[in-house]
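For reference, data.pdb (PDB, C-alpha atoms):
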```
ATOM      1  CA  MET A 218     -15.333   3.774 -12.348  1.00  0.00           C
ATOM      2  CA  THR A 219     -16.831   4.099 -15.777  1.00  0.00           C
ATOM      3  CA  ASP A 220     -18.360   1.079 -17.449  1.00  0.00           C
ATOM      4  CA  GLN A 221     -15.729   1.371 -20.192  1.00  0.00           C
ATOM      5  CA  VAL A 222     -12.845   1.185 -17.705  1.00  0.00           C
ATOM      6  CA  SER A 223     -14.566  -1.619 -15.821  1.00  0.00           C
ATOM      7  CA  THR A 224     -15.071  -3.608 -19.040  1.00  0.00           C
ATOM      8  CA  GLU A 225     -11.464  -3.033 -20.133  1.00  0.00           C
ATOM      9  CA  LEU A 226     -10.124  -4.246 -16.781  1.00  0.00           C
ATOM     10  CA  GLU A 227     -12.323  -7.314 -16.677  1.00  0.00           C
ATOM     11  CA  SER A 228     -11.578  -8.336 -20.284  1.00  0.00           C
ATOM     12  CA  ASP A 229      -7.784  -7.887 -20.205  1.00  0.00           C
ATOM     13  CA  PRO A 230      -6.357 -11.421 -20.400  1.00  0.00           C
ATOM     14  CA  ALA A 231      -2.926 -10.273 -19.171  1.00  0.00           C
ATOM     15  CA  GLY A 232      -4.369  -8.739 -16.017  1.00  0.00           C
ATOM     16  CA  LYS A 233      -4.399 -10.285 -12.563  1.00  0.00           C
ATOM     17  CA  PRO A 234      -7.331 -10.237 -10.150  1.00  0.00           C
ATOM     18  CA  THR A 235      -6.956  -8.456  -6.838  1.00  0.00           C
ATOM     19  CA  SER A 236      -7.107 -11.759  -4.951  1.00  0.00           C
ATOM     20  CA  ALA A 237      -4.110 -13.209  -6.825  1.00  0.00           C
ATOM     21  CA  SER A 238      -1.588 -11.213  -4.815  1.00  0.00           C
ATOM     22  CA  ARG A 239      -3.486 -10.329  -1.622  1.00  0.00           C
ATOM     23  CA  THR A 240      -1.260 -11.091   1.385  1.00  0.00           C
ATOM     24  CA  THR A 241      -1.422 -11.158   5.178  1.00  0.00           C
ATOM     25  CA  LEU A 242       1.706 -10.928   7.293  1.00  0.00           C
ATOM     26  CA  SER A 243       1.329 -11.670  11.027  1.00  0.00           C
ATOM     27  CA  HIS A 244       3.820 -10.937  13.777  1.00  0.00           C
ATOM     28  CA  ILE A 245       3.698 -11.021  17.585  1.00  0.00           C
ATOM     29  CA  MET A 246       5.091  -7.883  19.187  1.00  0.00           C
ATOM     30  CA  THR A 247       7.832  -8.320  21.810  1.00  0.00           C
ATOM     31  CA  ALA A 248       9.777  -6.068  24.163  1.00  0.00           C
ATOM     32  CA  GLY A 249      12.401  -5.513  21.460  1.00  0.00           C
ATOM     33  CA  ASP A 250       9.761  -3.727  19.360  1.00  0.00           C
ATOM     34  CA  THR A 251       8.992  -0.992  21.887  1.00  0.00           C
ATOM     35  CA  ASN A 252       9.682   2.731  21.977  1.00  0.00           C
ATOM     36  CA  LEU A 253      10.477   4.861  25.042  1.00  0.00           C
ATOM     37  CA  LEU A 254       6.776   4.994  25.955  1.00  0.00           C
ATOM     38  CA  GLY A 255       6.551   1.208  26.189  1.00  0.00           C
ATOM     39  CA  THR A 256       4.334   0.766  23.137  1.00  0.00           C
ATOM     40  CA  VAL A 257       5.405  -0.685  19.799  1.00  0.00           C
ATOM     41  CA  HIS A 258       7.575   1.719  17.822  1.00  0.00           C
ATOM     42  CA  GLY A 259       5.874   3.174  14.744  1.00  0.00           C
ATOM     43  CA  GLY A 260       8.916   2.255  12.663  1.00  0.00           C
ATOM     44  CA  VAL A 261       8.411  -1.423  13.493  1.00  0.00           C
ATOM     45  CA  ILE A 262       4.841  -1.212  12.210  1.00  0.00           C
ATOM     46  CA  MET A 263       6.009   0.707   9.133  1.00  0.00           C
ATOM     47  CA  LYS A 264       8.544  -2.021   8.324  1.00  0.00           C
ATOM     48  CA  LEU A 265       5.840  -4.691   8.566  1.00  0.00           C
ATOM     49  CA  VAL A 266       3.646  -2.549   6.301  1.00  0.00           C
ATOM     50  CA  ASP A 267       6.475  -2.191   3.754  1.00  0.00           C
ATOM     51  CA  ASP A 268       7.264  -5.917   3.923  1.00  0.00           C
ATOM     52  CA  ALA A 269       3.647  -6.960   3.305  1.00  0.00           C
ATOM     53  CA  ALA A 270       3.202  -4.378   0.539  1.00  0.00           C
ATOM     54  CA  GLY A 271       6.452  -5.520  -1.064  1.00  0.00           C
ATOM     55  CA  ALA A 272       5.244  -9.106  -1.097  1.00  0.00           C
ATOM     56  CA  VAL A 273       2.031  -8.039  -2.832  1.00  0.00           C
ATOM     57  CA  ALA A 274       3.930  -5.904  -5.357  1.00  0.00           C
ATOM     58  CA  GLY A 275       6.312  -8.758  -6.158  1.00  0.00           C
ATOM     59  CA  ARG A 276       3.472 -11.248  -6.513  1.00  0.00           C
ATOM     60  CA  HIS A 277       1.391  -8.945  -8.675  1.00  0.00           C
ATOM     61  CA  SER A 278       4.242  -7.862 -10.934  1.00  0.00           C
ATOM     62  CA  GLY A 279       5.819 -11.302 -11.110  1.00  0.00           C
ATOM     63  CA  GLY A 280       9.243 -10.138  -9.980  1.00  0.00           C
ATOM     64  CA  PRO A 281      11.200  -7.521  -8.059  1.00  0.00           C
ATOM     65  CA  ALA A 282       9.522  -4.274  -7.057  1.00  0.00           C
ATOM     66  CA  VAL A 283      10.856  -1.393  -4.969  1.00  0.00           C
ATOM     67  CA  THR A 284       9.123   1.064  -2.682  1.00  0.00           C
ATOM     68  CA  ALA A 285       8.707   4.385  -4.486  1.00  0.00           C
ATOM     69  CA  SER A 286       6.630   6.165  -1.835  1.00  0.00           C
ATOM     70  CA  MET A 287       4.500   5.717   1.234  1.00  0.00           C
ATOM     71  CA  ASP A 288       1.679   8.079   1.953  1.00  0.00           C
ATOM     72  CA  GLU A 289      -1.256   8.394   4.249  1.00  0.00           C
ATOM     73  CA  MET A 290       0.294   6.198   6.938  1.00  0.00           C
ATOM     74  CA  ALA A 291      -2.198   6.498   9.774  1.00  0.00           C
ATOM     75  CA  PHE A 292      -1.659   5.168  13.284  1.00  0.00           C
ATOM     76  CA  LEU A 293      -5.130   4.801  14.805  1.00  0.00           C
ATOM     77  CA  SER A 294      -4.223   3.378  18.209  1.00  0.00           C
ATOM     78  CA  PRO A 295      -1.113   2.093  19.984  1.00  0.00           C
ATOM     79  CA  VAL A 296       0.137  -1.459  19.613  1.00  0.00           C
ATOM     80  CA  ARG A 297       1.386  -3.165  22.766  1.00  0.00           C
ATOM     81  CA  VAL A 298       3.842  -5.886  23.603  1.00  0.00           C
ATOM     82  CA  GLY A 299       1.956  -9.171  23.326  1.00  0.00           C
ATOM     83  CA  ASP A 300      -0.269  -7.969  20.490  1.00  0.00           C
ATOM     84  CA  LEU A 301      -0.534 -10.210  17.476  1.00  0.00           C
ATOM     85  CA  VAL A 302      -0.389  -7.834  14.512  1.00  0.00           C
ATOM     86  CA  HIS A 303      -1.876  -8.777  11.143  1.00  0.00           C
ATOM     87  CA  VAL A 304      -0.893  -6.682   8.136  1.00  0.00           C
ATOM     88  CA  HIS A 305      -3.343  -7.158   5.250  1.00  0.00           C
ATOM     89  CA  ALA A 306      -2.202  -5.852   1.860  1.00  0.00           C
ATOM     90  CA  GLN A 307      -3.565  -5.817  -1.664  1.00  0.00           C
ATOM     91  CA  CYS A 308      -2.882  -4.198  -5.007  1.00  0.00           C
ATOM     92  CA  ASN A 309      -5.436  -1.408  -5.466  1.00  0.00           C
ATOM     93  CA  TRP A 310      -4.282   0.085  -8.778  1.00  0.00           C
ATOM     94  CA  THR A 311      -1.654  -0.362 -11.471  1.00  0.00           C
ATOM     95  CA  GLY A 312      -0.051   1.941 -13.971  1.00  0.00           C
ATOM     96  CA  ARG A 313       2.442   1.007 -16.660  1.00  0.00           C
ATOM     97  CA  THR A 314       5.294   0.199 -14.232  1.00  0.00           C
ATOM     98  CA  SER A 315       3.885   1.148 -10.825  1.00  0.00           C
ATOM     99  CA  MET A 316       1.340  -0.230  -8.385  1.00  0.00           C
ATOM    100  CA  GLU A 317      -0.496   1.223  -5.422  1.00  0.00           C
ATOM    101  CA  ILE A 318      -0.695  -1.211  -2.528  1.00  0.00           C
ATOM    102  CA  GLY A 319      -3.246  -0.616   0.222  1.00  0.00           C
ATOM    103  CA  VAL A 320      -2.444  -1.900   3.694  1.00  0.00           C
ATOM    104  CA  ARG A 321      -4.612  -2.361   6.780  1.00  0.00           C
ATOM    105  CA  VAL A 322      -2.967  -3.109  10.145  1.00  0.00           C
ATOM    106  CA  MET A 323      -4.991  -5.081  12.700  1.00  0.00           C
ATOM    107  CA  ALA A 324      -4.023  -6.071  16.244  1.00  0.00           C
ATOM    108  CA  GLU A 325      -5.341  -8.520  18.808  1.00  0.00           C
ATOM    109  CA  ARG A 326      -4.067  -9.776  22.140  1.00  0.00           C
ATOM    110  CA  TRP A 327      -2.122 -12.972  21.618  1.00  0.00           C
ATOM    111  CA  ASN A 328      -3.863 -14.771  24.501  1.00  0.00           C
ATOM    112  CA  GLU A 329      -7.452 -13.536  24.128  1.00  0.00           C
ATOM    113  CA  SER A 330     -10.241 -14.513  21.798  1.00  0.00           C
ATOM    114  CA  THR A 331     -11.452 -10.958  21.202  1.00  0.00           C
ATOM    115  CA  PRO A 332     -11.673  -9.722  17.624  1.00  0.00           C
ATOM    116  CA  ALA A 333      -8.753  -7.848  16.105  1.00  0.00           C
ATOM    117  CA  THR A 334      -9.139  -4.082  15.793  1.00  0.00           C
ATOM    118  CA  GLN A 335      -7.727  -1.809  13.133  1.00  0.00           C
ATOM    119  CA  VAL A 336      -4.690   0.077  14.433  1.00  0.00           C
ATOM    120  CA  GLY A 337      -3.318   1.542  11.215  1.00  0.00           C
ATOM    121  CA  SER A 338      -3.445   1.890   7.465  1.00  0.00           C
ATOM    122  CA  ALA A 339      -1.224   3.060   4.636  1.00  0.00           C
ATOM    123  CA  TYR A 340      -0.885   3.398   0.900  1.00  0.00           C
ATOM    124  CA  LEU A 341       2.411   2.617  -0.806  1.00  0.00           C
ATOM    125  CA  VAL A 342       3.539   2.944  -4.390  1.00  0.00           C
ATOM    126  CA  PHE A 343       5.908   0.320  -5.742  1.00  0.00           C
ATOM    127  CA  ALA A 344       7.777   0.321  -9.035  1.00  0.00           C
ATOM    128  CA  ALA A 345       8.495  -2.971 -10.762  1.00  0.00           C
ATOM    129  CA  VAL A 346      12.143  -3.283 -11.782  1.00  0.00           C
ATOM    130  CA  ASP A 347      14.185  -5.667 -13.872  1.00  0.00           C
ATOM    131  CA  GLU A 348      17.533  -7.232 -12.926  1.00  0.00           C
ATOM    132  CA  ASP A 349      19.298  -3.958 -13.822  1.00  0.00           C
ATOM    133  CA  GLY A 350      17.003  -1.881 -11.639  1.00  0.00           C
ATOM    134  CA  LYS A 351      15.195  -0.393 -14.659  1.00  0.00           C
ATOM    135  CA  PRO A 352      11.395  -0.019 -14.647  1.00  0.00           C
ATOM    136  CA  ARG A 353       9.450  -2.889 -16.181  1.00  0.00           C
ATOM    137  CA  SER A 354       5.800  -3.294 -17.106  1.00  0.00           C
ATOM    138  CA  VAL A 355       3.243  -4.684 -14.676  1.00  0.00           C
ATOM    139  CA  PRO A 356      -0.001  -6.461 -15.520  1.00  0.00           C
ATOM    140  CA  PRO A 357      -3.168  -4.485 -14.868  1.00  0.00           C
ATOM    141  CA  VAL A 358      -5.020  -5.278 -11.674  1.00  0.00           C
ATOM    142  CA  ILE A 359      -8.571  -6.547 -12.123  1.00  0.00           C
ATOM    143  CA  PRO A 360     -10.856  -5.423  -9.285  1.00  0.00           C
ATOM    144  CA  GLU A 361     -13.172  -8.282  -8.354  1.00  0.00           C
ATOM    145  CA  THR A 362     -15.637  -6.824  -5.869  1.00  0.00           C
ATOM    146  CA  GLU A 363     -17.427  -3.512  -5.474  1.00  0.00           C
ATOM    147  CA  ARG A 364     -14.994  -2.743  -2.652  1.00  0.00           C
ATOM    148  CA  ASP A 365     -12.037  -3.471  -4.956  1.00  0.00           C
ATOM    149  CA  LYS A 366     -13.545  -1.213  -7.621  1.00  0.00           C
ATOM    150  CA  ARG A 367     -13.973   1.599  -5.075  1.00  0.00           C
ATOM    151  CA  ARG A 368     -10.351   1.139  -3.949  1.00  0.00           C
ATOM    152  CA  TYR A 369      -9.231   1.297  -7.587  1.00  0.00           C
ATOM    153  CA  GLN A 370     -11.063   4.604  -8.091  1.00  0.00           C
ATOM    154  CA  GLU A 371      -9.715   6.041  -4.834  1.00  0.00           C
ATOM    155  CA  ALA A 372      -6.189   5.015  -5.850  1.00  0.00           C
ATOM    156  CA  GLN A 373      -6.576   6.917  -9.118  1.00  0.00           C
ATOM    157  CA  ILE A 374      -7.511  10.028  -7.112  1.00  0.00           C
ATOM    158  CA  ARG A 375      -4.481   9.606  -4.834  1.00  0.00           C
ATOM    159  CA  ARG A 376      -2.237   9.196  -7.901  1.00  0.00           C
ATOM    160  CA  THR A 377      -3.589  12.384  -9.437  1.00  0.00           C
ATOM    161  CA  HIS A 378      -2.899  14.226  -6.165  1.00  0.00           C
ATOM    162  CA  ARG A 379       0.625  12.780  -5.848  1.00  0.00           C
ATOM    163  CA  LEU A 380       1.507  13.831  -9.404  1.00  0.00           C
ATOM    164  CA  ALA A 381       0.011  17.319  -8.955  1.00  0.00           C
ATOM    165  CA  ARG A 382       1.899  17.791  -5.671  1.00  0.00           C
ATOM    166  CA  ARG A 383       5.155  16.676  -7.289  1.00  0.00           C
ATOM    167  CA  ARG A 384       4.631  19.065 -10.244  1.00  0.00           C
ATOM    168  CA  ALA A 385       3.820  21.988  -7.941  1.00  0.00           C
ATOM    169  CA  ILE A 386       6.907  21.377  -5.799  1.00  0.00           C
ATOM    170  CA  MET A 387       9.172  21.082  -8.848  1.00  0.00           C
ATOM    171  CA  GLU A 388       7.755  24.318 -10.295  1.00  0.00           C
ATOM    172  CA  LEU A 389       8.287  26.097  -6.993  1.00  0.00           C
ATOM    173  CA  ARG A 390      11.872  24.885  -6.784  1.00  0.00           C
ATOM    174  CA  GLU A 391      12.554  25.985 -10.361  1.00  0.00           C
ATOM    175  CA  GLN A 392      11.213  29.454  -9.615  1.00  0.00           C
ATOM    176  CA  GLY A 393      13.192  29.893  -6.424  1.00  0.00           C
ATOM    177  CA  GLY A 394      16.365  28.150  -7.487  1.00  0.00           C
ATOM    178  CA  SER A 395      16.342  26.410  -4.128  1.00  0.00           C
ATOM    179  CA  ASP A 396      19.174  24.044  -3.331  1.00  0.00           C
ATOM    180  CA  ASP A 397      17.510  22.653  -0.230  1.00  0.00           C
ATOM    181  CA  ALA A 398      18.359  19.093   0.729  1.00  0.00           C
ATOM    182  CA  GLY A 399      14.650  18.107   1.057  1.00  0.00           C
TER
END
```

Encoded form (structure tokens):
Amino acid sequence: MTDQVSTELESDPAGKPTSASRTTLSHIMTAGDTNLLGTVHGGVIMKLVDDAAGAVAGRHSGGPAVTASMDEMAFLSPVRVGDLVHVHAQCNWTGRTSMEIGVRVMAERWNESTPATQVGSAYLVFAAVDEDGKPRSVPPVIPETERDKRRYQEAQIRRTHRLARRRAIMELREQGGSDDAG
């Protein structure tokens, strides 16, 4: 991050610090959460991720926000019945009406005192909306630590890649006249 950007973020009175909306959602996994292999279904974890990210987006933006995209969802190891799952989420970056929320998923056995281990991570983009579902402005996020500043810079890179990918796909579709459903 350049010093100019860093100074602008830190001096913006309308901005909110990263810690203002940081959230942890915890849930114990039960038999109803399992897939055919007997481990917790990835969709259950994804819902927890979306729920925690949505809470952060709503807190940061000061109102309703909807999931625009989820990318880089990584499942690092299986989650089992009886695991206590902690979903940590924070706002990494903000645009005019959108926010990138970073999520880390940790798991620990409910009845052991061993440290939690990371079992997943994801990045989601949320758009703030008004009561009519129209985009509304969000306050800038103010990174507080060196780690927050690094996450802010990484989020800018991911945004650039998302926009470039979207442009390339749209150009390809325009050239081919594709009417694919995807």

Write out as a compact mmCIF listing (two decimals) with C-alpha atoms, in the frame of the given file each polymer residue whose atoms come within 6 Å of Glu317 of chain A, counting all atoms listed in the file; drop sequence neighbours fewer than 5 positions from it.
```txt
# COMPACT_ATOMS: atom_id res chain seq x y z
CA CYS A 308 -2.88 -4.20 -5.01
CA ASN A 309 -5.44 -1.41 -5.47
CA TRP A 310 -4.28 0.08 -8.78
CA LEU A 341 2.41 2.62 -0.81
CA VAL A 342 3.54 2.94 -4.39
```

Atom CA of Val346 of chain A sits from atom CA of Arg313 of chain A at a separation of 11.7 Å

**OP:** For the structure shown, which residues end up in the PyMOL selection byres ((chain A and resi 371-386) around 10)? Put them as a list of chain:residue names, please?
**Re:** A:Met218, A:Ser286, A:Asp288, A:Glu289, A:Cys308, A:Asn309, A:Trp310, A:Thr311, A:Gly312, A:Met316, A:Glu317, A:Ile318, A:Gly319, A:Tyr340, A:Val342, A:Asp365, A:Lys366, A:Arg367, A:Arg368, A:Tyr369, A:Gln370, A:Met387, A:Glu388, A:Leu389, A:Arg390, A:Glu391, A:Gln392

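What the PyMOL selection byres ((chain A and resi 321-333) around 7) grabs from this file is Gly299, Asp300, Leu301, Val302, His303, Val304, His305, Ala306, Gly319, Val320, Thr334, Gln335, Val336, Gly337, Ser338 and Ala339 of chain A.
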
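Taken over the shown file, the PyMOL selection byres ((chain A and resi 258) around 12) identifies Met246, Thr247, Ala248, Gly249, Asp250, Thr251, Asn252, Leu253, Leu254, Gly255, Thr256, Val257, Gly259, Gly260, Val261, Ile262, Met263, Lys264, Leu265, Phe292, Ser294, Pro295, Val296, Arg297 and Val298 of chain A.
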
Each residue of segment 271-342 of chain A lying at most 7 Å from segment 233-238 of chain A should get a row with its shortest atom-to-atom pair and the distance in Å to one decimal, counting all atoms listed in the file; could you produce that, ordered by chain and increasing number, as a tab-separated table?
```
residue	atom	partner	partner_atom	distance
A:Val273	CA	A:Ser238	CA	5.2
A:Arg276	CA	A:Ser238	CA	5.3
A:His277	CA	A:Ser238	CA	5.4
A:Gln307	CA	A:Ser238	CA	6.6
A:Cys308	CA	A:Thr235	CA	6.2
```

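Our summary of the geometry notes that atom CA of Leu242 of chain A is positioned 26.0 Å from atom CA of Gly350 of chain A.
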
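Here atom CA of Ile245 of chain A stands at a distance of 28.7 Å from atom CA of Ser278 of chain A.
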
Using only C-alpha atoms, the best pick from A:Asp268, A:Ala345, A:Ala231, A:Glu361 as closest to Ser243 of chain A would be A:Asp268
